[in-house]
Amino acid sequence: MSKGYFEEFPPELILLLSPSLSTISLNALASTCRRFHEILQPELDGRITPELGRELLIWTAESKPHIIAKLLSPPHSIPPSPTSLWSMTALHVAAKARNMDTAKLLLDAGANPAAEYDQDEYQPLHMAAENKDLEMMKLLLDHGAPIDSKFGCDGCSESALHYACSIAHVDMINLLLERGASLECRGHYGPALGFAVHRRNFEVVKLLLSKGADATVSVPLFVLLVGGPPYPHKANLLYIAMGLRHPTSDRHRRFRKQQSTPPRWEGLPLSDGKKKLMALLLAHGASKDTTMATITKHLAALSKEAQYTEEEYLEVIAGMLKEAEDAIPDYK
């Protein structure tokens with residue numbers, strides 16, 4: 001059917017047909033050509049109830065800021081945030097889609113930047129962080145997004161700063177710290193520095209320490225502990241930087257993909273990366289004594305897993321610490 005056919009269609013007939021069509025069908029007809037759109041748009045506008053308007057905000061937030069602007073303005077004046085808790089909002093959709101125009105329209109109309117949805121309690125800022133979208137993060141923070149809010153359902157979860165440290169995104173880390181993110185806000189790997197040490201990223205660890213992060217803290221060794229691994233469950237950052245093989249119970253060994261006995265753990269010589277990380281933490285106050293206390297308490301299990309006698313294991317540990325201590329002058 002040609003475009004000219006639609007252009008010649010009598011407007012009276014079009015209007016006569018519209019009451020018998022569903023809103024979806026009417027919208028489809030209005031999208032057929034410009035002439036139909038001009039004739040049917042008033043009818044479509046009249047069908048926008050508050051309930052439908054809220055749905056339309058969600059549907060159009062990804063890519064249609066012009067419709068968002070219309071819905072937010074009189075006579076519709078659709079509230080930009082839902083009244084129910086834990087619901088996906090248009091602002092979530094816009095943040096996930098990287099749509100700055102829509103996000104700004106919604107925020108200027110009063111959208112709640114702290115709205116949460118799903119059991120992970122995602123806020124728009126978290127979506128911007130996962131997108132590595134610095135401009136969206138700035139916009140959300142300018143409108144009051146809580147910078148230390150956390151997402152995740154494991155009891156501790158993580159903040160935007162924790163996530164940035166996990167992926168070693170230096171620009172995001174700097175932005176969040178400049179905007180006041182807490183270095184000591186704790187997630188499932190402790191504060192931000194715990195996330196960076198777990199990921200063994202020297203440059204991020206160095207950056208956080210330069211900003212005042214505490215190198216003396218103890219942090220969890222695992223994200224989840226429900227039915228979890230044997231002790232130790234937490235340690236100081238130097239212990240984590242050493243990359244010690246954790247004792248593994250027979251029950252957990254059964255769940256390994258490879259059932260063969262792992263090779264003997266080699267603690268020495270230290271790799272350059274491990275030595276640098278250990279030395280940096282020691283230079284900023286990480287306690288060798290605290291590390292040794294954890295090792296001594298669990299010596300039998302640790303040495304068995306590493307396939308050393310207890311005496312051999314302690315000799316290796318002493319050698320690792322000595323190498324790192326000798327490198328401290330390079331990181332003060």
# chains A, B, ... in the order shown; residues from 1 in each chain; ligands from 1
>>> residues_around(residues="Lys322 (chain A)", least_positions_apart="3", cutoff="12 Å", atoms="only C-alpha atoms", output="VMD selection string")
chain A and resid 268 to 270 275 278 to 279 282 288 315 to 319 325 to 328
>>> residues_around(residues="Pro80 (chain A)", least_positions_apart="3", cutoff="9 Å", atoms="only C-alpha atoms", output="JSON, numbers by chain")
{"A": [54, 57, 72, 77, 89, 90, 91, 106, 107, 109, 110, 111, 112]}
>>> residues_around(residues="Pro263 (chain A)", least_positions_apart="2", cutoff="9 Å", atoms="only C-alpha atoms", output="PyMOL selection string")
chain A and resi 261+265-266+306-307
>>> select_by_dssp(residues="region 52-251 of chain A", states="alpha helix (DSSP H)", output="count of residues only")
89
>>> closest_residue(among="A:Asp214, A:Glu62, A:Asp171, A:Glu203", to="Cys185 (chain A)", atoms="only C-alpha atoms")
A:Asp214
>>> select_by_dssp(residues="region 53-292 of chain A", states="strand (DSSP E or B)", output="list in words")
Tyr117, Tyr122, Lys150, Phe151, Glu158, Ser159, Gly187, His188, Gly190, Ser218, Val219, Pro220, Lys234, Ala235 and Asn236 of chain A
>>> closest_residue(among="A:Arg264, A:Met242, A:Gly273, A:Phe195", to="Ser303 (chain A)", atoms="only C-alpha atoms")
A:Arg264
>>> closest_residue(among="A:Gly53, A:Pro247, A:Gly152, A:Pro113", to="Leu139 (chain A)", atoms="only C-alpha atoms")
A:Pro113
>>> closest_residue(among="A:Leu237, A:Pro329, A:Val204, A:Thr296", to="Tyr313 (chain A)", atoms="only C-alpha atoms")
A:Thr296
>>> residues_around(residues="Ser218 (chain A)", least_positions_apart="2", cutoff="9 Å", atoms="only C-alpha atoms", output="PDB file with C-alpha atoms, in the first residue's frame")
ATOM      1  CA  GLY A 190      36.384  -4.541  53.347  1.00  0.00           C
ATOM      2  CA  GLY A 194      40.709  -4.334  50.337  1.00  0.00           C
ATOM      3  CA  ALA A 215      46.924  -0.175  55.270  1.00  0.00           C
ATOM      4  CA  THR A 216      46.491  -1.755  58.727  1.00  0.00           C
ATOM      5  CA  PRO A 220      37.406 -10.784  54.667  1.00  0.00           C
ATOM      6  CA  LYS A 234      39.791 -12.766  57.412  1.00  0.00           C
ATOM      7  CA  ALA A 235      43.335 -11.403  57.532  1.00  0.00           C
ATOM      8  CA  ASN A 236      45.256  -8.191  57.127  1.00  0.00           C
ATOM      9  CA  LEU A 237      46.138  -6.830  53.706  1.00  0.00           C
TER      10      LEU A 237
END
>>> decode(residues="region 95-111 of chain A", atoms="C-alpha atoms", output="PDB file, in the first residue's frame")
ATOM      1  CA  ALA A  95      21.389   5.493  33.304  1.00  0.00           C
ATOM      2  CA  LYS A  96      21.743   1.977  31.948  1.00  0.00           C
ATOM      3  CA  ALA A  97      21.207   3.244  28.376  1.00  0.00           C
ATOM      4  CA  ARG A  98      23.718   6.116  28.852  1.00  0.00           C
ATOM      5  CA  ASN A  99      20.990   8.571  27.850  1.00  0.00           C
ATOM      6  CA  MET A 100      22.113  11.859  29.375  1.00  0.00           C
ATOM      7  CA  ASP A 101      19.283  13.919  27.870  1.00  0.00           C
ATOM      8  CA  THR A 102      16.608  11.709  29.396  1.00  0.00           C
ATOM      9  CA  ALA A 103      18.410  11.436  32.737  1.00  0.00           C
ATOM     10  CA  LYS A 104      18.673  15.226  32.986  1.00  0.00           C
ATOM     11  CA  LEU A 105      14.990  15.692  32.158  1.00  0.00           C
ATOM     12  CA  LEU A 106      14.006  13.180  34.821  1.00  0.00           C
ATOM     13  CA  LEU A 107      16.311  14.590  37.487  1.00  0.00           C
ATOM     14  CA  ASP A 108      15.214  18.162  36.804  1.00  0.00           C
ATOM     15  CA  ALA A 109      11.606  16.980  37.220  1.00  0.00           C
ATOM     16  CA  GLY A 110      12.415  15.511  40.634  1.00  0.00           C
ATOM     17  CA  ALA A 111      13.366  11.888  39.913  1.00  0.00           C
TER      18      ALA A 111
END
